[in-house]
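Enquirer: Below you'll find the structure I mean.
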Amino acid sequence: MISSLATLESQIQAEDLHDAASVEAFRIKYLGRKNGLLTDLFSQIGKIAPEERKAYGAAVNTLKQLVEARLTAAQAFVEAAQKQAVAQAIDLTLPGRMQPVGGLHPIRQTMEEIKRIFLSFGFGVAEGPEIEEDWYNFSALNFPPDHPARDMQDTFFVEAPNNENGGVVLRTHTSPVQVRTMQNTQPPIRIIAPGRVYRNETITYKSYCLFHQVEGLYVDEQVTFADLKQVLRMFAEAAFGVGVKMRFRPSFFPFTEPSAEVDIWWQNEDGSGRWLEILGCGMVDPNVLENCGIDSEKYTGYAFGMGVERIAMLRHGITDIRVLYENDLRFLEQF
Amino acid sequence: MNISHNWLKDYISHDLTPQEVADTLTMLGLEEEESWTVGNTFPGLIVGHVLAREQHPNADKLSVCHVDLDGSGKGIKIVCGAPNVAAGQKVVVATIGTKLMLPTEKHNPDAPKTEITIKKGKIRGEESNGMICSAMELGLSEDHSGIMVLAETAVTGQTFADYLDQQGTSESDTVTDVNITPNRPDAISHLGIARDLSAVTGISVQIPAVDLPEHGGEAAHKFSVEIECPDVCHRYVGILVEGVKIGPSPKWMQQRLEAIGLRPRNNIVDVTNYVMYECGQPLHAFDFDQLAGHKIVVRQTQGPLPFTTLDSKPRILPKGTIMICDSEREVAIGGIMGGENSEVTDTTVNVLLESAWFNPTAIRKAAKNIREADKEEGRLSTDASYRFERGVDPNGQVWAAARAAALIAEFSGGQVVPGMVDANPIHDSSLVLTLRPTRARAVIGADISDEEMRRLLTAIGFEVAESPEGLVCSVPTFRPDVEREIDVIEEIARLYGYDNIPLPTHSATPNQPPAPNPTDDLRRSLLQFGTSMGFREMYTNSMVKAERAQFFAGETGIVETLNPISSEMGALRPNLLLSALPIVAHNLNHGRKSLRLMEVSSVYRRSESMRVPVKGYYEYEEALFIMTGTVNAAGWNVREEKVTIFDAKGVVESLLRRFGLVQHVQLIPENEPSALTSYQIKIQSGHQILGVVARLSDETAKHFDVKQEVFFASLNWTVLSKLIGIKTRRAYQEISRYPIVERDLAVTVSKNEAAGALLETIRRTGGKLLQEVRVFDLYEGDNIAPDTKSIAFSLRLGASDRTLVDKEVETLVARVVKQLADRHRAVLRA
């Protein structure tokens with residue numbers, strides 16, 4: 001009897017369990033409720049001599065455990081094989097289901113980058129109208145009427161000057177926002193004024209009839225030209241990299257004195273380089289402060305302004321400003 | 001203004017390179033725009049030293065020379081045919097590859113010239129590595145008797161151009177275009193530039209010596225000057241030169257004028273131009289014999305006046321133009337241009353030189369409004385008006401006139417009539433300002449000593465004295481821009497050097513937070529929303545054609561500019577759609593079939609409202625979303641679907657949800673076609689119109705060369721963002737812990753019933769328990785009666801304080817069904 005059990009054991013060991021069907025046949029063959037070989041052996045336990053019963057039971061149980069162990073292992077194998085079959089059946093090289101991809105215009109991206117830098121320095125954002133009174137755009141900013149300084153900015157006029165006021169223009173810079181802010185607030189004032197401005201210039205690869213500016217203004221006690229240099233150096237390093245080479249050279253704007261233009265050294269890949277102007281700045285002219293109702297003896301201030309397109313073009317190597325306003329998707333999708 | 005570096009050296013003897021000069025000027029605020037060389041730089045020509053000369057073995061008239069070209073003491077062989085070549089000479093060698101213009105006939109300088117390139121070769125069997133040149137071969141003279149022998153001081157190996165430079169006979173020059181800012185009238189001349197250069201280099205300025213005449217003398221007997229408008233003409237100096245012979249000016253003067261871009265004319269006009277570019281004072285030369293009564297009268301025009309300028313153009317001058325007249329007629333426009341009737345001609349014998357001071361504003365007003373007789377508008381800007389507009393030195397007239405008179409006399413054989421007429425009704429003396437050094441340090445933020453300030457100011461012609469109040473500065477009259485203390489502070493900062501102002505080691509920030517700007521924050525969220533919905537942002541031109549603007553603006557007035565670049569850009573856009581459609585067309589024409597574009601920018605209208613920053617104009621920010629083509633590109637698992645109005649509407653609905661405005665905004669259909677749209681949905685909050693969702697009309701699309709359906713949503717973002725600020729609560733609402741019950745129901749209704757009306761009924765009936773209702777199916781066709789449609793709704797029901805019981809749900813759904821039946825004759829489908 002025991003020896004036949006030994007034969008059975010080797011028989012169990014030898015069963016070929018390679019797929020779900022053979023595993024199920026194996027289970028039925030040995031553990032099937034009706035004619036399972038082990039089921040039968042268990043049912044015969046009563047016929048075994050009492051003294052041998054214990055050994056017999058133990059031997060059959062061992063066989064059962066063997067069958068169950070083989071079943072578990074085979075089921076795991078078959079399941080894994082099935083999972084693998086599923087995984088292999090799917091062609092993962094087929095393209096995915098895409099959603100339309102949106103994006104912001106490079107002017108916006110650059111403008112937001114500039115804003116982000118100054119916001120991190122503690123500047124607030126102020127905005128104002130593009131159709132502006134001459135007074136805000138010019139007179140308050142110390143542009144005398146009939147002064148050559150007005151020729152520096154070719155102006156679009158909306159309303160000719162009359163006896164009551166100096167006329168209405170499309171703002172040539174966002175400086176009128178500074179004026180409006182200073183009129184409504186007492187120092188300390190620390191703002192940037194981003195926005196669209198207009199110049200009546202022939203449209204070419206380097207000039208467009210409109211562009212965008214970000215201007216900054218800080219008015220407080222004890223603000224110095226050295227502070228201006230400081231904030232612009234921090235800006236240049238944030239925007240163009242730490243250690244960027246820059247220079248301040250004297251210039252002229254009616255609304256600042258002393259005035260400066262700032263150049264950064266632009267290194268080409270071949271090692272050559274050149275100075276490129278990135279912004280204008282200066283100490284707010286005392287006349288401007290007084291025009292806005294601020295005591296120019298008590299307070300000083302600095303102001304600066306930069307063209308967003310110019311910086312965007314620099315950053316992305318764009319050589320024709322008009323491409324920014326063409327909005328060709330093949331262009332927009334690059335950003 | 002163009003400056004010649006050779007010319008500049010007349011006044012300041014520096015040893016800087018032109019680039020160093022240009023860089024120094026740039027850092028003084030006289031920015032170099034561009035520099036270039038003019039004249040002959042003799043490329044390839046080197047100073048050689050003839051170490052030895054031997055007779056050519058095969059030719060009597062030729063020599064074989066050993067010439068050192070680099071100072072090494074080693075010679076290379078050059079065959080030379082000149083009789084005067086000898087060992088020890090310094091000569092000009094054209095090296096291999098040099099191009100020379102040589103006469104086609106040897107030894108005949110008048111023969112036509114042709115370009116030849118010097119090559120290495122053998123001459124009669126002897127190797128030759130270049131050519132030793134004669135002055136004729138270099139184009140310097142007609143001397144072809146032998147080679148050009150240079151001075152002993154010539155340095156072997158230096159370029160011939162450097163040698164000429166060293167000898168002061170340079171044939172080349174560097175010209176720099178200096179950008180002169182409007183506040184620097186003193187720098188619109190070579191002397192003015194030299195003065196600034198002197199201030200930072202410490203090298204003194206050499207002003208040419210001129211004998212200054214006294215007022216009166218013989219000159220005063222020959223002519224008179226009368227100023228009727230002293231307010232605009234403070235000074236008028238006249239000097240007379242008699243017996244001139246008109247001819248060309250000397251070559252050196254012509255070269256300098258040509259270098260800076262002026263065309264030489266004759267020995268009178270060239271001198272007036274030369275002196276203007278020398279010292280900044282514009283001059284005018286009259287043919288004295290054309291001046292009736294030998295009298296000059298300065299007066300302003302009383303009304304528009306026709307006048308022919310010396311360029312033979314008839315022009316109309318505006319009222320207030322300063323005129324120079326003789327006893328009978330106008331002979332010149334003061335400070336702008338002379339008249340044809342009195343200009344210097346080839347037959348002129350006696351010349352009256354005018355050197356005057358005119359009021360900048362008067363000159364600018366006139367120059368801006370002088371037009372040619374056959375044109376509607378115009379301006380007349382000249383070198384003279386450019387300087388007068390900015391302000392010339394009111395004390396520089398006599399020097400300039402005397403300098404010019406002396407040069408004219410020298411070049412033309414004339415005689416300067418002794419004395420002069422100096423009409424000077426208003427005397428401009430130096431302005432005296434007090435500078436507080438502490439204030440200067442406070443503005444600049446650098447510790448510049450009083451003494452340093454004094455030194456810097458003195459270097460540019462200020463006279464400085466100390467007083468208890470500060471430094472008392474006497475401003476030179478050539479600096480009319482310096483009127484206030486701050487102007488003096490700027491001069492100090494400029495000369496001290498902006499780059500020398502140290503950066504603060506720390507920076508203070510104001511002890512208040514920056515003012516919040518919700519508009520800016522919300523705009524950023526809006527753009528983020530648009531991007532996430534797959535829209536590409538555009539930046540478009542806000543200037544559009546006026547007729548189109550009016551069409552797109554409908555009833556409201558558009559804003560036009562008085563001086564547009566072209567009629568295509570005569571008005572400001574009343575909405576973004578008008579700017580966007582050409583972009584849509586452009587992209588469709590370049591191979592795109594589907595587009596999703598957005599823009600957030602300002603649009604402009606006329607307005608009667610008083611609540612606008614600039615009276616008469618309403619300017620607001622619009623958000624535009626525009627879609628055409630398909631919603632998605634067809635793929636192996638994606639069916640292509642065309643964009644419909646519901647995609648555009650969906651964008652708006654998503655936006656309202658994103659910003660929490662669903663409860664506050666109504667979408668109101670308008671099924672009437674208009675010129676602009678086929679149909680549209682108005683977006684409103686109460687009575688306030690916030691925007692529109694629409695299909696563009698085919699006619700309008702065609703107008704822009706767009707041949708496919710275009711849908712758009714436009715929103716008044718200025719109003720909408722305010723509404724968001726006011727209406728949306730951001731307080732947390734507790735999330736319900738009780739389950740949601742879903743119920744679907746399908747009804748058939750007449751085709752005329754609007755789905756929106758049914759939804760509204762369901763919402764009202766559902767009350768608080770109805771959390772959401774969606775339309776999940778719409779069907780027309782077989783299996784249902786004609787003229788009807790089937791709409792299926794999905795309802796989500798739930799309460800925030802309990803689990804709904806079945807009975808509650810059944811009652812509610814039954815009520816909804818009844819209401820749909822009563823109000824819309826809807827029949828529940830089995």
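Numbering starts fresh at 1 for the residues of each chain in the structure tokens, the chains themselves are lettered A, B, ... in the order given, and ligands are numbered from 1 as they appear.
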Counting only C-alpha atoms, what is within 12 Å of Leu433 (chain B), bar same-chain residues fewer than 4 positions away, as a PyMOL selection string?
Expert: chain B and resi 462-467+469-476+482-489
Enquirer: Name the residues in contact with Lys245 (chain A) at a cut-off of 10 Å, using only C-alpha atoms, excluding same-chain residues fewer than 3 positions from it; report them as an MDAnalysis selection string.
Expert: chainID A and resid 233 236:237 240:242 263:267 275
Enquirer: Dump all heavy atoms for the selected residues as a short mmCIF file (atom, residue, chain, number, x, y, z; two decimals), in the first residue's frame?
Expert:
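Wrote it out as selection-v3.cif, contents follow:
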```cif
data_model
loop_
_atom_site.label_atom_id
_atom_site.label_comp_id
_atom_site.auth_asym_id
_atom_site.auth_seq_id
_atom_site.Cartn_x
_atom_site.Cartn_y
_atom_site.Cartn_z
N ARG A 233 21.24 95.69 -11.51
CA ARG A 233 22.22 94.59 -11.56
C ARG A 233 21.54 93.29 -11.13
O ARG A 233 21.69 92.25 -11.76
CB ARG A 233 23.43 94.88 -10.66
CG ARG A 233 24.23 93.65 -10.31
CD ARG A 233 25.73 93.85 -10.33
NE ARG A 233 26.29 94.07 -11.66
CZ ARG A 233 26.63 93.11 -12.52
NH1 ARG A 233 26.45 91.85 -12.21
NH2 ARG A 233 27.15 93.39 -13.68
N ALA A 236 19.42 92.17 -13.99
CA ALA A 236 20.20 91.62 -15.11
C ALA A 236 20.71 90.22 -14.77
O ALA A 236 20.73 89.33 -15.63
CB ALA A 236 21.34 92.55 -15.47
N GLU A 237 21.12 90.04 -13.52
CA GLU A 237 21.62 88.72 -13.14
C GLU A 237 20.50 87.69 -13.13
O GLU A 237 20.70 86.54 -13.51
CB GLU A 237 22.32 88.79 -11.78
CG GLU A 237 23.56 89.68 -11.84
CD GLU A 237 24.64 89.29 -10.84
OE1 GLU A 237 24.30 88.63 -9.84
OE2 GLU A 237 25.81 89.63 -11.09
N PHE A 240 19.60 87.39 -17.09
CA PHE A 240 20.62 86.99 -18.06
C PHE A 240 21.74 86.14 -17.45
O PHE A 240 22.69 85.80 -18.13
CB PHE A 240 21.23 88.21 -18.75
CG PHE A 240 20.22 89.04 -19.50
CD1 PHE A 240 19.73 90.22 -18.97
CD2 PHE A 240 19.73 88.60 -20.72
CE1 PHE A 240 18.79 90.97 -19.66
CE2 PHE A 240 18.79 89.34 -21.41
CZ PHE A 240 18.32 90.52 -20.88
N GLY A 241 21.65 85.86 -16.17
CA GLY A 241 22.66 85.00 -15.56
C GLY A 241 23.57 85.76 -14.61
O GLY A 241 23.93 86.90 -14.86
N VAL A 242 23.94 85.09 -13.55
CA VAL A 242 24.80 85.69 -12.54
C VAL A 242 26.14 86.07 -13.18
O VAL A 242 26.68 85.32 -13.99
CB VAL A 242 25.01 84.71 -11.37
CG1 VAL A 242 26.04 85.25 -10.38
CG2 VAL A 242 23.68 84.45 -10.67
N ASP A 263 23.66 98.71 -20.92
CA ASP A 263 24.01 97.72 -21.93
C ASP A 263 24.45 96.45 -21.22
O ASP A 263 25.04 96.52 -20.14
CB ASP A 263 25.21 98.19 -22.77
CG ASP A 263 24.96 99.51 -23.49
OD1 ASP A 263 23.78 99.81 -23.76
OD2 ASP A 263 25.94 100.23 -23.77
N ILE A 264 24.18 95.34 -21.84
CA ILE A 264 24.79 94.10 -21.35
C ILE A 264 25.69 93.57 -22.46
O ILE A 264 25.47 93.82 -23.64
CB ILE A 264 23.78 93.02 -20.92
CG1 ILE A 264 22.88 92.64 -22.09
CG2 ILE A 264 22.98 93.46 -19.72
CD1 ILE A 264 22.17 91.33 -21.85
N TRP A 265 26.73 92.86 -22.02
CA TRP A 265 27.65 92.29 -23.01
C TRP A 265 27.07 90.98 -23.49
O TRP A 265 26.79 90.08 -22.70
CB TRP A 265 29.03 92.06 -22.37
CG TRP A 265 30.03 91.51 -23.33
CD1 TRP A 265 30.47 90.23 -23.42
CD2 TRP A 265 30.70 92.25 -24.35
NE1 TRP A 265 31.39 90.12 -24.44
CE2 TRP A 265 31.55 91.34 -25.03
CE3 TRP A 265 30.69 93.59 -24.77
CZ2 TRP A 265 32.36 91.73 -26.10
CZ3 TRP A 265 31.50 93.97 -25.83
CH2 TRP A 265 32.33 93.04 -26.48
N TRP A 266 26.82 90.91 -24.78
CA TRP A 266 26.18 89.73 -25.36
C TRP A 266 27.22 88.90 -26.07
O TRP A 266 27.82 89.33 -27.05
CB TRP A 266 25.08 90.17 -26.33
CG TRP A 266 24.18 89.03 -26.68
CD1 TRP A 266 24.18 88.29 -27.82
CD2 TRP A 266 23.13 88.50 -25.85
NE1 TRP A 266 23.22 87.32 -27.75
CE2 TRP A 266 22.56 87.42 -26.57
CE3 TRP A 266 22.63 88.81 -24.59
CZ2 TRP A 266 21.51 86.67 -26.06
CZ3 TRP A 266 21.60 88.05 -24.08
CH2 TRP A 266 21.03 86.99 -24.82
N GLN A 267 27.47 87.74 -25.54
CA GLN A 267 28.52 86.87 -26.06
C GLN A 267 27.94 85.95 -27.11
O GLN A 267 26.98 85.24 -26.84
CB GLN A 267 29.11 86.05 -24.91
CG GLN A 267 30.40 85.35 -25.23
CD GLN A 267 31.60 86.20 -24.84
OE1 GLN A 267 31.52 86.99 -23.91
NE2 GLN A 267 32.69 86.07 -25.57
N TRP A 275 28.10 95.04 -27.10
CA TRP A 275 27.22 95.65 -26.10
C TRP A 275 25.84 95.81 -26.69
O TRP A 275 25.69 96.28 -27.81
CB TRP A 275 27.76 97.03 -25.68
CG TRP A 275 28.98 96.97 -24.84
CD1 TRP A 275 30.25 97.30 -25.20
CD2 TRP A 275 29.05 96.57 -23.46
NE1 TRP A 275 31.11 97.12 -24.16
CE2 TRP A 275 30.41 96.67 -23.07
CE3 TRP A 275 28.11 96.12 -22.52
CZ2 TRP A 275 30.85 96.37 -21.78
CZ3 TRP A 275 28.55 95.80 -21.25
CH2 TRP A 275 29.91 95.92 -20.89
#
```
Enquirer: Set the distance at 9 Å and use only C-alpha atoms: which residues neighbour Phe286 (chain B) once local chain neighbours fewer than 3 positions away are removed? I'd like the list as a ChimeraX atom specification.
Expert: /B:289-291,331-332,338,342-344,350-354
Enquirer: How would the residues just chosen look if you wrote them out with C-alpha atoms as a short mmCIF file (atom, residue, chain, number, x, y, z; two decimals), in the first residue's frame?
Expert:
```cif
data_model
loop_
_atom_site.label_atom_id
_atom_site.label_comp_id
_atom_site.auth_asym_id
_atom_site.auth_seq_id
_atom_site.Cartn_x
_atom_site.Cartn_y
_atom_site.Cartn_z
CA ASP B 289 25.71 142.86 -53.64
CA GLN B 290 22.28 141.21 -53.76
CA LEU B 291 21.25 142.82 -50.47
CA VAL B 331 16.53 137.07 -48.25
CA ALA B 332 16.75 134.10 -45.85
CA GLY B 338 19.02 130.98 -47.08
CA SER B 342 20.84 136.23 -52.20
CA GLU B 343 22.91 133.07 -52.20
CA VAL B 344 26.59 132.98 -53.06
CA ASN B 350 31.60 140.41 -51.70
CA VAL B 351 30.32 138.12 -48.95
CA LEU B 352 28.39 139.08 -45.83
CA LEU B 353 28.68 136.46 -43.12
CA GLU B 354 25.78 136.05 -40.72
#
```
Enquirer: Could you please select, counting only C-alpha atoms, the residues of chain A within 6 Å of chain B and state them as a PyMOL selection string?
Expert: chain A and resi 100-105+123-124+149+157-158+224-226+230+248-252+258+325+327
Enquirer: Please provide the set of residues having any atom within 12 Å of Ala76 (chain A), restricted to only C-alpha atoms, with same-chain residues fewer than 6 positions apart removed, written as a list in words.
Expert: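 These residues fall inside the cut-off: Leu17, His18, Asp19, Ala20, Val23, Ala69, Arg70, Gln82 and Lys83 of chain A.
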Enquirer: Going by DSSP on the backbone, which residues of region 114-353 of chain B come out as strand (DSSP E)? List them as a PyMOL selection string.
Expert: chain B and resi 114-117+121-123+126-128+131-132+172-179+224-227+233-242+283-287+295-300+305-308+314-317+322-325+330-333+337-338+351-353
Enquirer: Output C-alpha atoms for every residue in that selection, as a PDB file, in the first residue's frame.
Expert:
```pdb
ATOM      1  CA  THR B 114      43.237  99.202 -64.158  1.00  0.00           C
ATOM      2  CA  GLU B 115      43.478  97.017 -61.079  1.00  0.00           C
ATOM      3  CA  ILE B 116      46.420  94.645 -60.874  1.00  0.00           C
ATOM      4  CA  THR B 117      47.283  92.148 -58.146  1.00  0.00           C
ATOM      5  CA  GLY B 121      57.135  85.603 -59.750  1.00  0.00           C
ATOM      6  CA  LYS B 122      60.370  85.731 -61.685  1.00  0.00           C
ATOM      7  CA  ILE B 123      61.502  88.758 -63.609  1.00  0.00           C
ATOM      8  CA  GLU B 126      65.282  86.555 -60.813  1.00  0.00           C
ATOM      9  CA  GLU B 127      62.745  85.860 -58.042  1.00  0.00           C
ATOM     10  CA  SER B 128      60.620  88.832 -56.938  1.00  0.00           C
ATOM     11  CA  MET B 131      56.836  95.610 -55.638  1.00  0.00           C
ATOM     12  CA  ILE B 132      58.539  98.769 -54.431  1.00  0.00           C
ATOM     13  CA  SER B 172      42.374 107.786 -44.428  1.00  0.00           C
ATOM     14  CA  ASP B 173      40.158 108.803 -41.591  1.00  0.00           C
ATOM     15  CA  THR B 174      37.832 107.167 -39.102  1.00  0.00           C
ATOM     16  CA  VAL B 175      34.378 108.643 -38.808  1.00  0.00           C
ATOM     17  CA  THR B 176      32.136 108.026 -35.825  1.00  0.00           C
ATOM     18  CA  ASP B 177      28.431 108.728 -35.836  1.00  0.00           C
ATOM     19  CA  VAL B 178      27.809 110.098 -32.362  1.00  0.00           C
ATOM     20  CA  ASN B 179      24.267 110.069 -31.024  1.00  0.00           C
ATOM     21  CA  SER B 224      23.600 147.867 -40.891  1.00  0.00           C
ATOM     22  CA  VAL B 225      21.604 145.315 -38.920  1.00  0.00           C
ATOM     23  CA  GLU B 226      18.230 145.978 -37.359  1.00  0.00           C
ATOM     24  CA  ILE B 227      16.474 143.398 -35.150  1.00  0.00           C
ATOM     25  CA  CYS B 233      16.873 136.931 -32.092  1.00  0.00           C
ATOM     26  CA  HIS B 234      19.106 137.946 -29.232  1.00  0.00           C
ATOM     27  CA  ARG B 235      22.113 138.568 -31.385  1.00  0.00           C
ATOM     28  CA  TYR B 236      23.074 139.095 -35.014  1.00  0.00           C
ATOM     29  CA  VAL B 237      26.748 139.481 -35.958  1.00  0.00           C
ATOM     30  CA  GLY B 238      27.732 140.463 -39.493  1.00  0.00           C
ATOM     31  CA  ILE B 239      31.244 140.461 -40.971  1.00  0.00           C
ATOM     32  CA  LEU B 240      32.032 141.465 -44.538  1.00  0.00           C
ATOM     33  CA  VAL B 241      34.666 139.893 -46.782  1.00  0.00           C
ATOM     34  CA  GLU B 242      35.337 141.773 -50.011  1.00  0.00           C
ATOM     35  CA  LEU B 283      26.657 130.567 -40.342  1.00  0.00           C
ATOM     36  CA  HIS B 284      25.130 131.926 -43.482  1.00  0.00           C
ATOM     37  CA  ALA B 285      26.937 133.666 -46.360  1.00  0.00           C
ATOM     38  CA  PHE B 286      25.058 136.259 -48.427  1.00  0.00           C
ATOM     39  CA  ASP B 287      26.106 137.694 -51.750  1.00  0.00           C
ATOM     40  CA  LYS B 295      20.815 146.442 -44.803  1.00  0.00           C
ATOM     41  CA  ILE B 296      19.773 143.447 -42.742  1.00  0.00           C
ATOM     42  CA  VAL B 297      16.425 143.458 -40.956  1.00  0.00           C
ATOM     43  CA  VAL B 298      15.321 140.559 -38.732  1.00  0.00           C
ATOM     44  CA  ARG B 299      11.579 140.179 -38.334  1.00  0.00           C
ATOM     45  CA  GLN B 300       8.918 137.488 -37.947  1.00  0.00           C
ATOM     46  CA  LEU B 305       4.517 133.610 -46.632  1.00  0.00           C
ATOM     47  CA  PRO B 306       5.747 132.160 -49.924  1.00  0.00           C
ATOM     48  CA  PHE B 307       9.525 132.089 -50.209  1.00  0.00           C
ATOM     49  CA  THR B 308      12.001 130.338 -52.491  1.00  0.00           C
ATOM     50  CA  PRO B 314       9.137 127.440 -53.530  1.00  0.00           C
ATOM     51  CA  ARG B 315       7.922 127.008 -49.972  1.00  0.00           C
ATOM     52  CA  ILE B 316       5.196 128.345 -47.701  1.00  0.00           C
ATOM     53  CA  LEU B 317       6.418 129.600 -44.350  1.00  0.00           C
ATOM     54  CA  ILE B 322      12.059 134.492 -38.362  1.00  0.00           C
ATOM     55  CA  MET B 323      13.006 136.166 -41.655  1.00  0.00           C
ATOM     56  CA  ILE B 324      16.228 137.879 -42.626  1.00  0.00           C
ATOM     57  CA  CYS B 325      15.346 140.774 -44.932  1.00  0.00           C
ATOM     58  CA  GLU B 330      13.128 138.573 -47.503  1.00  0.00           C
ATOM     59  CA  VAL B 331      16.528 137.066 -48.252  1.00  0.00           C
ATOM     60  CA  ALA B 332      16.749 134.103 -45.850  1.00  0.00           C
ATOM     61  CA  ILE B 333      14.778 132.057 -43.349  1.00  0.00           C
ATOM     62  CA  MET B 337      17.947 128.121 -44.839  1.00  0.00           C
ATOM     63  CA  GLY B 338      19.023 130.979 -47.080  1.00  0.00           C
ATOM     64  CA  VAL B 351      30.318 138.122 -48.949  1.00  0.00           C
ATOM     65  CA  LEU B 352      28.392 139.075 -45.834  1.00  0.00           C
ATOM     66  CA  LEU B 353      28.683 136.460 -43.118  1.00  0.00           C
TER      67      LEU B 353
END
```
Enquirer: List the spatial neighbours of Glu142 (chain B) as a ChimeraX atom specification - criterion: any atom at most 12 Å away, only C-alpha atoms, same-chain residues fewer than 2 positions off excluded.
Expert: /B:102-103,107-111,134-140,144-148
Enquirer: Could you pull the residues within 12 Å of Lys251 (chain B), counting only C-alpha atoms, minus those fewer than 6 positions along the same chain, as a compact mmCIF listing (two decimals) with N, CA, C and O atoms, in the first residue's frame?
Expert:
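Heads up, here's the output in selection_10.txt:
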```txt
# COMPACT_ATOMS: atom_id res chain seq x y z
N GLU B 171 45.93 109.54 -45.47
CA GLU B 171 44.96 109.55 -46.58
C GLU B 171 43.66 108.91 -46.13
O GLU B 171 42.71 108.84 -46.89
N LEU B 257 35.15 117.49 -44.99
CA LEU B 257 33.70 117.63 -45.17
C LEU B 257 33.13 116.34 -45.77
O LEU B 257 32.08 115.85 -45.35
N GLU B 258 33.86 115.78 -46.74
CA GLU B 258 33.37 114.53 -47.35
C GLU B 258 33.36 113.40 -46.33
O GLU B 258 32.46 112.58 -46.32
N ALA B 259 34.37 113.40 -45.47
CA ALA B 259 34.45 112.34 -44.46
C ALA B 259 33.20 112.34 -43.58
O ALA B 259 32.65 111.28 -43.27
N PRO B 264 31.35 118.98 -50.78
CA PRO B 264 32.03 120.26 -50.93
C PRO B 264 31.38 121.07 -52.06
O PRO B 264 30.96 120.51 -53.07
N ARG B 265 31.28 122.40 -51.86
CA ARG B 265 30.66 123.26 -52.88
C ARG B 265 31.68 124.27 -53.41
O ARG B 265 32.11 124.18 -54.53
N ASN B 266 32.04 125.23 -52.57
CA ASN B 266 33.03 126.21 -52.98
C ASN B 266 33.69 126.77 -51.72
O ASN B 266 33.32 126.41 -50.60
N ASN B 267 34.66 127.65 -51.92
CA ASN B 267 35.47 128.11 -50.79
C ASN B 267 34.70 129.02 -49.82
O ASN B 267 35.25 129.40 -48.79
N ASP B 270 31.81 126.01 -48.15
CA ASP B 270 32.55 124.99 -47.40
C ASP B 270 33.06 125.54 -46.07
O ASP B 270 33.03 124.85 -45.05
N PHE B 411 41.39 131.54 -48.35
CA PHE B 411 41.18 130.62 -49.48
C PHE B 411 40.75 131.33 -50.76
O PHE B 411 40.84 130.76 -51.84
```
